[in-house]
Amino acid sequence: MLEIHSPIAGHRALAGAVAVLALTAGALAGCGDAGATITRLTVGSPGPDPYTLMANTDKMDVKERPSAGGTKDGDSPGLYGGTRRASTCDQQKIIAFLQANPEKARAWAGVQGIPVSDIPRYVSRLTPVLLRTDTLVTNHGYQDGRATSAPAVLQAGMGVLVNGYGVPVVKCNCGNPLTRPEKKISTGNASYTGRSWPGFEKRNVTRIRPRDSRKGTIVTFVLVDPGATMGFERPRATEGESDGPPTALPSTETEVPTSDSPAPSDSGLESPATESPGTESPGLESPGTESPGPETPDPGTSPESPGVTSGDPGTGTGGMEEPGDGPASPISLPPSEEPAPQVS
């Protein structure tokens, strides 16, 4: 058969190929939501739509973790801090407040994916810690009878409650429930509102993913004191009364291992190996939402971490015991009115 080599046909083919490549690039760029607006919340700030107000939950001048930014596993030694033998969060006050406000309790429990009746047990199984990196979360407030939702960066030094997989689930100074941020959000390309703080950098905003659920829930968190002078262990679901003796700082305080380097999620994407677990039914504990039911495994890839072992410490009332003798609770800035949002 006679073949016809037409310059016009060649140009059309080339133009078609270029169009396909352009569409593909556009689709890939669309995977990261560069148009997101993230609210910065400073230490001591309750932020928008707080459930309530609580003092003495945060601490200023916390020495930040050297390895910041990217995605970190919830069981990483030194990811969180705290004051040895002192709690950063009054869990019983949160429980009492929600029990006294049924409408807010329903909205709060709905965010956490648990029945309202499970709130006391759920909260008592959480662990109070201090953030050591500026951390990206989804902050859920309460307004007009329903829960609100917006991405937020919490400043290092803010007190939070973390679940058995090391994921922040409650913001202590206002009681707001927290969930993991949407993967499509690009911290580098997003706009930021709210007052900034010295040292804030987009590239150092950290995402936290749950510990590999095949290892079970965390038994012991390896924390670092606010001045980064020592490490210590805090058993899960305790408020400081069971903290271990001072220990050497984790190796991450002096060196940055390859496995702790920024992950693709910094651009709004995560690799398939770090997919978060699917939504679980109420009453089951999952890396995103924890409740006092049976543990439910799901895929994960976080490496083994020193000081963290498999298993669940049971259903004890760690969050209900009185802290032992020790230094007073960390002091936070008193809640103040939020300044007018400024976009940067």
# chains A, B, ... in the order shown; residues from 1 in each chain; ligands from 1
>>> residues_around(residues="Leu136 of chain A", least_positions_apart="6", cutoff="8 Å", atoms="only C-alpha atoms", output="PyMOL selection string")
chain A and resi 151-154+180-181+205-208
>>> residues_around(residues="Ile94 of chain A", least_positions_apart="2", cutoff="12 Å", atoms="only C-alpha atoms", output="ChimeraX atom specification")
/A:51-54,89-92,96-101,104-105,108,119-124,126,161,170-177,319-320
>>> closest_residue(among="A:Ala156, A:Ala150, A:Ala190, A:Val169", to="Asp49 of chain A", atoms="only C-alpha atoms")
A:Ala150
>>> closest_residue(among="A:Ala228, A:Leu41, A:Ala248, A:Ala109", to="Gly81 of chain A", atoms="only C-alpha atoms")
A:Ala228
>>> residues_around(residues="Arg234 of chain A", least_positions_apart="6", cutoff="12 Å", atoms="only C-alpha atoms", output="PyMOL selection string")
chain A and resi 77-78+80-87+126-129+218-225+240-247+307-308+318
>>> residues_around(residues="Met158 of chain A", least_positions_apart="3", cutoff="10 Å", atoms="only C-alpha atoms", output="PyMOL selection string")
chain A and resi 41-45+57-60+62+81+88+129-135+154-155+171-173+332
>>> select_by_dssp(residues="segment 58-202 of chain A", states="strand (DSSP E or B)", output="PyMOL selection string")
chain A and resi 70-73+80-81+127-131+135-139+142-143+146-147+150-154+159-162+168-171+176-179+185+191-193
>>> select_by_dssp(residues="segment 72-294 of chain A", states="helix (DSSP H, G or I)", output="PyMOL selection string")
chain A and resi 91-100+102-112+116-124+202-204+213-215+251-253+258-260+264-267+272-274
>>> write_last_selection(atoms="N, CA and C atoms", output="short mmCIF file (atom, residue, chain, number, x, y, z; two decimals), in the first residue's frame")
data_model
loop_
_atom_site.label_atom_id
_atom_site.label_comp_id
_atom_site.auth_asym_id
_atom_site.auth_seq_id
_atom_site.Cartn_x
_atom_site.Cartn_y
_atom_site.Cartn_z
N GLN A 91 -8.50 16.29 81.27
CA GLN A 91 -9.45 15.44 80.54
C GLN A 91 -10.80 15.35 81.24
N GLN A 92 -10.79 15.38 82.55
CA GLN A 92 -12.05 15.30 83.28
C GLN A 92 -12.91 16.54 83.07
N LYS A 93 -12.26 17.68 82.89
CA LYS A 93 -13.02 18.90 82.61
C LYS A 93 -13.69 18.83 81.24
N ILE A 94 -12.99 18.27 80.29
CA ILE A 94 -13.56 18.12 78.95
C ILE A 94 -14.76 17.20 79.01
N ILE A 95 -14.62 16.08 79.72
CA ILE A 95 -15.73 15.13 79.84
C ILE A 95 -16.93 15.80 80.52
N ALA A 96 -16.67 16.50 81.62
CA ALA A 96 -17.76 17.14 82.37
C ALA A 96 -18.44 18.22 81.52
N PHE A 97 -17.65 18.97 80.77
CA PHE A 97 -18.24 20.01 79.93
C PHE A 97 -19.16 19.42 78.87
N LEU A 98 -18.72 18.37 78.21
CA LEU A 98 -19.54 17.77 77.17
C LEU A 98 -20.79 17.11 77.74
N GLN A 99 -20.67 16.52 78.91
CA GLN A 99 -21.85 15.92 79.54
C GLN A 99 -22.88 16.98 79.93
N ALA A 100 -22.40 18.19 80.24
CA ALA A 100 -23.30 19.28 80.62
C ALA A 100 -23.87 20.03 79.41
N PRO A 102 -25.30 18.73 75.99
CA PRO A 102 -25.64 17.61 75.11
C PRO A 102 -25.52 17.91 73.62
N GLU A 103 -25.92 19.11 73.19
CA GLU A 103 -25.85 19.41 71.75
C GLU A 103 -24.40 19.45 71.28
N LYS A 104 -23.54 20.08 72.07
CA LYS A 104 -22.12 20.10 71.70
C LYS A 104 -21.53 18.69 71.78
N ALA A 105 -22.00 17.92 72.74
CA ALA A 105 -21.50 16.55 72.87
C ALA A 105 -21.84 15.73 71.63
N ARG A 106 -23.03 15.91 71.08
CA ARG A 106 -23.42 15.17 69.87
C ARG A 106 -22.53 15.55 68.69
N ALA A 107 -22.28 16.86 68.54
CA ALA A 107 -21.43 17.30 67.44
C ALA A 107 -20.00 16.80 67.63
N TRP A 108 -19.51 16.87 68.85
CA TRP A 108 -18.14 16.43 69.18
C TRP A 108 -17.97 14.94 68.89
N ALA A 109 -18.91 14.15 69.38
CA ALA A 109 -18.83 12.71 69.18
C ALA A 109 -18.95 12.35 67.70
N GLY A 110 -19.76 13.12 66.97
CA GLY A 110 -19.91 12.87 65.53
C GLY A 110 -18.60 13.03 64.79
N VAL A 111 -17.82 14.04 65.15
CA VAL A 111 -16.51 14.24 64.52
C VAL A 111 -15.58 13.07 64.83
N GLN A 112 -15.61 12.61 66.07
CA GLN A 112 -14.73 11.52 66.48
C GLN A 112 -15.23 10.15 66.00
N VAL A 116 -22.22 9.17 71.71
CA VAL A 116 -22.10 10.14 72.79
C VAL A 116 -21.79 9.45 74.12
N SER A 117 -22.40 8.30 74.32
CA SER A 117 -22.20 7.57 75.58
C SER A 117 -20.76 7.11 75.77
N ASP A 118 -19.96 7.06 74.70
CA ASP A 118 -18.57 6.61 74.79
C ASP A 118 -17.59 7.73 75.10
N ILE A 119 -18.07 8.99 75.17
CA ILE A 119 -17.16 10.12 75.37
C ILE A 119 -16.28 9.96 76.61
N PRO A 120 -16.83 9.63 77.80
CA PRO A 120 -15.96 9.52 78.97
C PRO A 120 -14.84 8.49 78.81
N ARG A 121 -15.19 7.34 78.31
CA ARG A 121 -14.18 6.28 78.15
C ARG A 121 -13.18 6.63 77.06
N TYR A 122 -13.68 7.22 75.98
CA TYR A 122 -12.81 7.60 74.86
C TYR A 122 -11.77 8.63 75.32
N VAL A 123 -12.22 9.68 75.99
CA VAL A 123 -11.32 10.75 76.41
C VAL A 123 -10.31 10.24 77.44
N SER A 124 -10.74 9.36 78.34
CA SER A 124 -9.84 8.86 79.37
C SER A 124 -8.74 7.97 78.80
N LYS A 202 6.62 27.64 56.10
CA LYS A 202 5.72 26.67 55.47
C LYS A 202 6.38 25.30 55.34
N ARG A 203 7.65 25.29 55.00
CA ARG A 203 8.32 24.01 54.75
C ARG A 203 8.50 23.18 56.02
N ASN A 204 8.34 23.82 57.19
CA ASN A 204 8.51 23.09 58.45
C ASN A 204 7.19 22.68 59.08
N SER A 213 -0.85 0.10 62.37
CA SER A 213 -1.81 -0.57 63.25
C SER A 213 -1.51 -2.06 63.41
N ARG A 214 -0.67 -2.63 62.51
CA ARG A 214 -0.32 -4.03 62.66
C ARG A 214 0.53 -4.26 63.92
N LYS A 215 1.10 -3.19 64.46
CA LYS A 215 1.87 -3.27 65.69
C LYS A 215 0.98 -3.11 66.92
N SER A 251 17.77 10.04 69.49
CA SER A 251 18.80 10.36 68.49
C SER A 251 18.34 11.43 67.52
N THR A 252 17.02 11.56 67.34
CA THR A 252 16.50 12.56 66.39
C THR A 252 16.79 13.99 66.84
N GLU A 253 17.20 14.18 68.10
CA GLU A 253 17.52 15.53 68.56
C GLU A 253 18.88 16.00 68.08
N THR A 258 17.34 9.20 57.61
CA THR A 258 16.73 9.27 56.28
C THR A 258 15.25 9.01 56.33
N SER A 259 14.81 8.07 57.18
CA SER A 259 13.40 7.70 57.24
C SER A 259 12.53 8.80 57.81
N ASP A 260 13.18 9.86 58.40
CA ASP A 260 12.40 10.93 59.01
C ASP A 260 12.41 12.19 58.17
N PRO A 264 6.46 12.92 50.40
CA PRO A 264 5.74 13.57 49.30
C PRO A 264 4.52 14.34 49.76
N SER A 265 4.01 14.05 50.95
CA SER A 265 2.80 14.72 51.41
C SER A 265 3.03 16.21 51.59
N ASP A 266 4.31 16.65 51.61
CA ASP A 266 4.60 18.05 51.74
C ASP A 266 4.01 18.83 50.57
N SER A 267 3.82 18.14 49.44
CA SER A 267 3.22 18.78 48.29
C SER A 267 1.76 18.45 48.17
N PRO A 272 1.31 5.49 48.19
CA PRO A 272 0.33 4.48 48.56
C PRO A 272 0.66 3.77 49.85
N ALA A 273 1.95 3.67 50.18
CA ALA A 273 2.34 2.93 51.39
C ALA A 273 1.92 3.64 52.67
N THR A 274 1.58 4.94 52.56
CA THR A 274 1.21 5.67 53.77
C THR A 274 -0.25 6.08 53.76
#
>>> closest_residue(among="A:Gly231, A:Gly157, A:Pro50, A:Gly216", to="Trp197 of chain A", atoms="only C-alpha atoms")
A:Gly157
